[in-house]
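For reference, protein_0.pdb (PDB, C-alpha atoms):
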```pdb
MODEL        1
ATOM      1  CA  MET A   1     -29.135  11.718 -15.045
ATOM      2  CA  LEU A   2     -26.454   9.153 -14.201
ATOM      3  CA  PHE A   3     -25.339  10.914 -11.013
ATOM      4  CA  ARG A   4     -27.544  12.160  -8.226
ATOM      5  CA  GLU A   5     -25.405  15.266  -7.965
ATOM      6  CA  PRO A   6     -22.901  16.940 -10.275
ATOM      7  CA  GLU A   7     -20.436  17.012  -7.355
ATOM      8  CA  THR A   8     -20.387  13.208  -7.316
ATOM      9  CA  ALA A   9     -19.485  13.168 -10.992
ATOM     10  CA  ALA A  10     -16.757  15.759 -10.430
ATOM     11  CA  LEU A  11     -15.333  13.821  -7.473
ATOM     12  CA  GLU A  12     -15.346  10.592  -9.435
ATOM     13  CA  ALA A  13     -13.577  12.262 -12.367
ATOM     14  CA  LEU A  14     -10.905  13.721 -10.076
ATOM     15  CA  LEU A  15     -10.270  10.346  -8.437
ATOM     16  CA  PHE A  16     -10.107   8.708 -11.855
ATOM     17  CA  VAL A  17      -7.490  11.039 -13.346
ATOM     18  CA  ALA A  18      -5.372  11.597 -10.226
ATOM     19  CA  LYS A  19      -1.980   9.936 -10.299
ATOM     20  CA  ASN A  20      -1.703  10.021  -6.492
ATOM     21  CA  PRO A  21      -4.359   9.719  -3.774
ATOM     22  CA  LEU A  22      -6.253  12.960  -3.166
ATOM     23  CA  THR A  23      -6.581  14.272   0.398
ATOM     24  CA  PHE A  24      -9.695  15.749   1.971
ATOM     25  CA  ASP A  25      -8.028  19.182   1.985
ATOM     26  CA  LEU A  26      -7.293  19.073  -1.733
ATOM     27  CA  LEU A  27     -10.769  17.757  -2.584
ATOM     28  CA  GLU A  28     -12.379  20.482  -0.450
ATOM     29  CA  GLU A  29     -10.308  23.125  -2.237
ATOM     30  CA  ILE A  30     -11.006  21.863  -5.760
ATOM     31  CA  LEU A  31     -14.694  21.024  -5.310
ATOM     32  CA  GLU A  32     -15.348  23.957  -2.977
ATOM     33  CA  LEU A  33     -17.266  21.719  -0.581
ATOM     34  CA  ASP A  34     -16.929  21.131   3.160
ATOM     35  CA  HIS A  35     -15.451  18.026   4.776
ATOM     36  CA  SER A  36     -18.804  16.421   5.637
ATOM     37  CA  LYS A  37     -20.112  16.812   2.061
ATOM     38  CA  ILE A  38     -16.905  15.276   0.625
ATOM     39  CA  GLU A  39     -17.243  12.400   3.095
ATOM     40  CA  GLU A  40     -20.880  11.891   2.028
ATOM     41  CA  LEU A  41     -19.901  11.834  -1.655
ATOM     42  CA  LEU A  42     -17.034   9.401  -0.985
ATOM     43  CA  ASN A  43     -19.432   7.080   0.856
ATOM     44  CA  GLU A  44     -21.820   7.252  -2.087
ATOM     45  CA  LEU A  45     -19.015   6.230  -4.460
ATOM     46  CA  ARG A  46     -17.776   3.548  -2.049
ATOM     47  CA  ASN A  47     -21.278   2.027  -1.934
ATOM     48  CA  ARG A  48     -21.595   2.151  -5.720
ATOM     49  CA  TYR A  49     -18.236   0.427  -6.209
ATOM     50  CA  SER A  50     -18.854  -2.229  -3.570
ATOM     51  CA  ALA A  51     -21.347  -3.934  -5.909
ATOM     52  CA  GLU A  52     -20.019  -7.269  -7.183
ATOM     53  CA  ALA A  53     -20.580  -6.332 -10.824
ATOM     54  CA  CYS A  54     -18.358  -3.272 -10.582
ATOM     55  CA  GLY A  55     -14.698  -3.500 -11.605
ATOM     56  CA  LEU A  56     -13.601  -0.444  -9.646
ATOM     57  CA  MET A  57     -13.054   0.274  -5.976
ATOM     58  CA  LEU A  58     -12.367   3.333  -3.878
ATOM     59  CA  LEU A  59      -9.107   3.067  -1.962
ATOM     60  CA  GLU A  60      -8.165   5.107   1.065
ATOM     61  CA  ILE A  61      -4.401   5.369   1.236
ATOM     62  CA  ASP A  62      -2.566   7.279   3.916
ATOM     63  CA  GLY A  63      -5.402   9.778   4.337
ATOM     64  CA  GLY A  64      -6.031  10.187   0.594
ATOM     65  CA  PHE A  65      -8.443   8.615  -1.880
ATOM     66  CA  LYS A  66      -7.965   7.016  -5.285
ATOM     67  CA  LEU A  67      -9.922   4.889  -7.722
ATOM     68  CA  ALA A  68      -8.411   1.541  -8.573
ATOM     69  CA  THR A  69      -9.429  -1.645 -10.311
ATOM     70  CA  LYS A  70     -10.548  -4.591  -8.213
ATOM     71  CA  PRO A  71      -8.038  -7.438  -7.971
ATOM     72  CA  GLU A  72     -10.571  -9.820  -9.528
ATOM     73  CA  VAL A  73     -10.251  -8.064 -12.910
ATOM     74  CA  ALA A  74      -6.439  -7.904 -12.972
ATOM     75  CA  ARG A  75      -6.066 -10.760 -15.468
ATOM     76  CA  TYR A  76      -8.217  -8.928 -18.013
ATOM     77  CA  ILE A  77      -6.200  -5.751 -17.647
ATOM     78  CA  GLU A  78      -2.959  -7.740 -17.956
ATOM     79  CA  THR A  79      -4.290  -9.314 -21.146
ATOM     80  CA  LEU A  80      -5.168  -5.898 -22.511
ATOM     81  CA  TYR A  81      -1.677  -4.601 -21.923
ATOM     82  CA  LYS A  82      -0.001  -7.967 -22.475
ATOM     83  CA  GLN A  83       2.256  -7.330 -19.521
ATOM     84  CA  PRO A  84       2.804 -10.204 -17.135
ATOM     85  CA  ALA A  85       2.393  -9.319 -13.497
ATOM     86  CA  GLN A  86       5.680  -8.234 -12.003
ATOM     87  CA  THR A  87       6.671 -10.211  -8.974
ATOM     88  CA  LEU A  88       9.313  -9.564  -6.383
ATOM     89  CA  SER A  89      12.062 -12.047  -5.580
ATOM     90  CA  ASN A  90      12.095 -13.683  -2.159
ATOM     91  CA  ALA A  91      15.097 -11.509  -1.242
ATOM     92  CA  ALA A  92      13.232  -8.342  -2.247
ATOM     93  CA  LEU A  93      10.171  -9.434  -0.253
ATOM     94  CA  GLU A  94      12.370 -10.081   2.790
ATOM     95  CA  VAL A  95      13.973  -6.643   2.505
ATOM     96  CA  LEU A  96      10.596  -4.981   1.929
ATOM     97  CA  SER A  97       9.144  -6.717   4.994
ATOM     98  CA  ILE A  98      12.037  -5.624   7.176
ATOM     99  CA  ILE A  99      11.774  -2.035   5.970
ATOM    100  CA  ALA A 100       7.981  -1.985   6.394
ATOM    101  CA  TYR A 101       8.125  -3.210   9.993
ATOM    102  CA  LYS A 102      11.359  -1.541  11.170
ATOM    103  CA  GLN A 103      11.260   1.776   9.289
ATOM    104  CA  PRO A 104      13.133   3.975   9.228
ATOM    105  CA  VAL A 105      16.006   1.525   8.834
ATOM    106  CA  THR A 106      19.471   1.558   7.251
ATOM    107  CA  ARG A 107      20.776  -0.913   4.682
ATOM    108  CA  GLY A 108      23.271  -2.119   7.280
ATOM    109  CA  GLU A 109      20.469  -2.890   9.727
ATOM    110  CA  VAL A 110      18.590  -4.781   7.006
ATOM    111  CA  ASP A 111      21.770  -6.733   6.166
ATOM    112  CA  PHE A 112      22.269  -7.576   9.860
ATOM    113  CA  ILE A 113      18.692  -8.880  10.228
ATOM    114  CA  ARG A 114      18.906 -10.950   7.017
ATOM    115  CA  GLY A 115      22.469 -12.112   7.549
ATOM    116  CA  VAL A 116      23.372 -11.317   3.923
ATOM    117  CA  GLN A 117      23.903  -8.232   1.796
ATOM    118  CA  SER A 118      20.742  -6.596   0.497
ATOM    119  CA  ASP A 119      22.079  -4.098  -2.064
ATOM    120  CA  ARG A 120      20.460  -5.609  -5.157
ATOM    121  CA  ALA A 121      17.073  -6.205  -3.510
ATOM    122  CA  LEU A 122      17.079  -2.722  -1.997
ATOM    123  CA  ASN A 123      17.922  -1.130  -5.358
ATOM    124  CA  THR A 124      15.072  -3.076  -6.994
ATOM    125  CA  LEU A 125      12.614  -1.830  -4.361
ATOM    126  CA  VAL A 126      13.765   1.761  -4.826
ATOM    127  CA  GLU A 127      13.458   1.441  -8.639
ATOM    128  CA  LYS A 128       9.918   0.070  -8.290
ATOM    129  CA  GLY A 129       9.021   2.958  -5.986
ATOM    130  CA  LEU A 130       8.123   0.726  -3.035
ATOM    131  CA  VAL A 131      10.795   2.170  -0.720
ATOM    132  CA  LYS A 132      12.602   5.493  -0.611
ATOM    133  CA  GLU A 133      15.253   7.389   1.278
ATOM    134  CA  VAL A 134      13.610   9.087   4.249
ATOM    135  CA  GLY A 135      16.624  10.681   5.885
ATOM    136  CA  ARG A 136      20.021  10.039   7.404
ATOM    137  CA  LYS A 137      20.855   8.365  10.686
ATOM    138  CA  ASP A 138      22.954  10.280  13.173
ATOM    139  CA  GLY A 139      26.259   8.539  13.659
ATOM    140  CA  PRO A 140      29.410   7.563  11.784
ATOM    141  CA  GLY A 141      29.001   7.932   8.039
ATOM    142  CA  ARG A 142      25.399   9.161   8.460
ATOM    143  CA  PRO A 143      23.890   6.140   6.641
ATOM    144  CA  ILE A 144      20.726   6.528   4.588
ATOM    145  CA  LEU A 145      17.451   5.613   6.274
ATOM    146  CA  TYR A 146      14.803   3.827   4.192
ATOM    147  CA  GLY A 147      11.030   3.691   4.562
ATOM    148  CA  THR A 148       8.042   2.586   2.541
ATOM    149  CA  THR A 149       6.248   4.807   0.029
ATOM    150  CA  GLU A 150       2.670   5.636  -0.858
ATOM    151  CA  GLN A 151       3.174   3.260  -3.809
ATOM    152  CA  PHE A 152       3.885   0.482  -1.277
ATOM    153  CA  LEU A 153       0.551   1.175   0.430
ATOM    154  CA  LEU A 154      -1.224   1.265  -2.917
ATOM    155  CA  HIS A 155       0.449  -1.933  -4.158
ATOM    156  CA  PHE A 156      -0.527  -3.884  -1.041
ATOM    157  CA  GLY A 157      -3.951  -2.235  -0.597
ATOM    158  CA  LEU A 158      -3.163  -0.701   2.787
ATOM    159  CA  HIS A 159      -4.688   2.491   4.191
ATOM    160  CA  SER A 160      -1.597   3.144   6.269
ATOM    161  CA  ILE A 161       1.442   1.333   7.614
ATOM    162  CA  ASP A 162      -0.630   0.580  10.739
ATOM    163  CA  ASP A 163      -2.659  -1.904   8.652
ATOM    164  CA  LEU A 164       0.289  -4.301   8.397
ATOM    165  CA  PRO A 165      -0.403  -7.644  10.109
ATOM    166  CA  ASN A 166       0.851  -7.857  13.682
ATOM    167  CA  LEU A 167       4.203  -9.664  13.828
ATOM    168  CA  GLU A 168       3.356 -11.190  17.204
ATOM    169  CA  VAL A 169       0.728 -13.352  15.494
ATOM    170  CA  PHE A 170       3.411 -14.849  13.245
ATOM    171  CA  THR A 171       5.849 -15.249  16.118
ATOM    172  CA  LEU A 172       3.247 -17.055  18.218
ATOM    173  CA  SER A 173       2.329 -19.354  15.342
ATOM    174  CA  GLU A 174       5.983 -20.224  14.777
ATOM    175  CA  ARG A 175       6.505 -20.921  18.505
ATOM    176  CA  GLU A 176       3.385 -23.080  18.631
ATOM    177  CA  ALA A 177       4.528 -24.999  15.547
ATOM    178  CA  ALA A 178       8.009 -25.490  17.030
ATOM    179  CA  SER A 179       6.630 -26.737  20.356
ATOM    180  CA  THR A 180       4.321 -29.139  18.499
ATOM    181  CA  LEU A 181       7.316 -30.490  16.563
ATOM    182  CA  GLU A 182       9.260 -30.954  19.822
ATOM    183  CA  ILE A 183       6.357 -32.865  21.385
ATOM    184  CA  ASP A 184       5.986 -35.056  18.296
ATOM    185  CA  ALA A 185       9.722 -35.788  18.271
ATOM    186  CA  GLU A 186       9.662 -36.868  21.923
ATOM    187  CA  THR A 187       6.810 -39.373  21.432
TER     188      THR A 187
ENDMDL
END
```
I'd like the structure from this file rewritten - as structure tokens, please.
Amino acid sequence: MLFREPETAALEALLFVAKNPLTFDLLEEILELDHSKIEELLNELRNRYSAEACGLMLLEIDGGFKLATKPEVARYIETLYKQPAQTLSNAALEVLSIIAYKQPVTRGEVDFIRGVQSDRALNTLVEKGLVKEVGRKDGPGRPILYGTTEQFLLHFGLHSIDDLPNLEVFTLSEREAASTLEIDAET
């Protein structure tokens, strides 16, 4: 038998066909197993997929689980579908970064931080499902608030928004680089 337990096979099948990450609650309901058993089965799959020769991995995204292909095999999948990898423009990446770190944030706030209008980049991110409307800000005109989506987490391989790199690290590095340049210029 390929699987130690039929539950492992069922869990793997559910993770394979699910469009969105599956939560513990949903897995417990479908498989009729308790939390600790689901966790044990997930660990079994995680260990199986961590082998170098395996092209799949188990992702944990925002409290849910999903099977995905490992980044190392992306070029083969792209060849199969003959679709070049879609990249984001620098403007879209800037807008996405601002939204990820400042969310919820309005378009006006993004524009202010960037110093230029962000309409096109923001529309692109919404179309790609990386950001979404998350509400309205209290105040004049009640502008739309934007935040990242589950697709954003999936695309960047993050468990949650808390996994984003700390901005202070980048700020320190920039300050250190600037002070080094000032010292070099003085000598």
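With all atoms listed in the file as the atoms that count, the minimum distance from Glu127 of chain A to the choices A:Ile77, A:Ala51, A:Ile30, A:Ala92 is reached by A:Ala92.
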Next item on the list: With a distance cut-off of 6 Å and all atoms listed in the file, select the neighbouring residues of segment 138-150 of chain A, excluding the residue or stretch itself and same-chain residues fewer than 5 positions from it, and output the selection as a ChimeraX atom specification.
Entry: /A:99-100,103-106,130-133
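Atom pair atom CA of Asp62 of chain A / atom CA of Glu78 of chain A: separated by 26.5 Å.
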Notebook entry, point to check: What is the atom CA of Lys128 of chain A to atom CA of Gln151 of chain A distance in Å?
Noted result: 8.7 Å
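Here the question is which of A:Phe152, A:Asn123, A:Glu52, A:Ala13 gets nearest to Glu72 of chain A using only C-alpha atoms, and that residue is A:Glu52.
Residues of protein, DNA and RNA with at least one atom no farther than 8 Å from (4.4, -5.2, -0.4) are, using all atoms listed in the file, A:Leu93, A:Leu96, A:Ser97, A:Leu130, A:Phe152, A:Leu153, A:His155, A:Phe156.
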Notebook entry, point to check: Which residues fall under the PyMOL selection byres ((chain A and resi 59) around 9) in this file, as a VMD selection string?
Noted result: chain A and resid 21 46 57 to 58 60 to 61 64 to 68 154 157 to 159
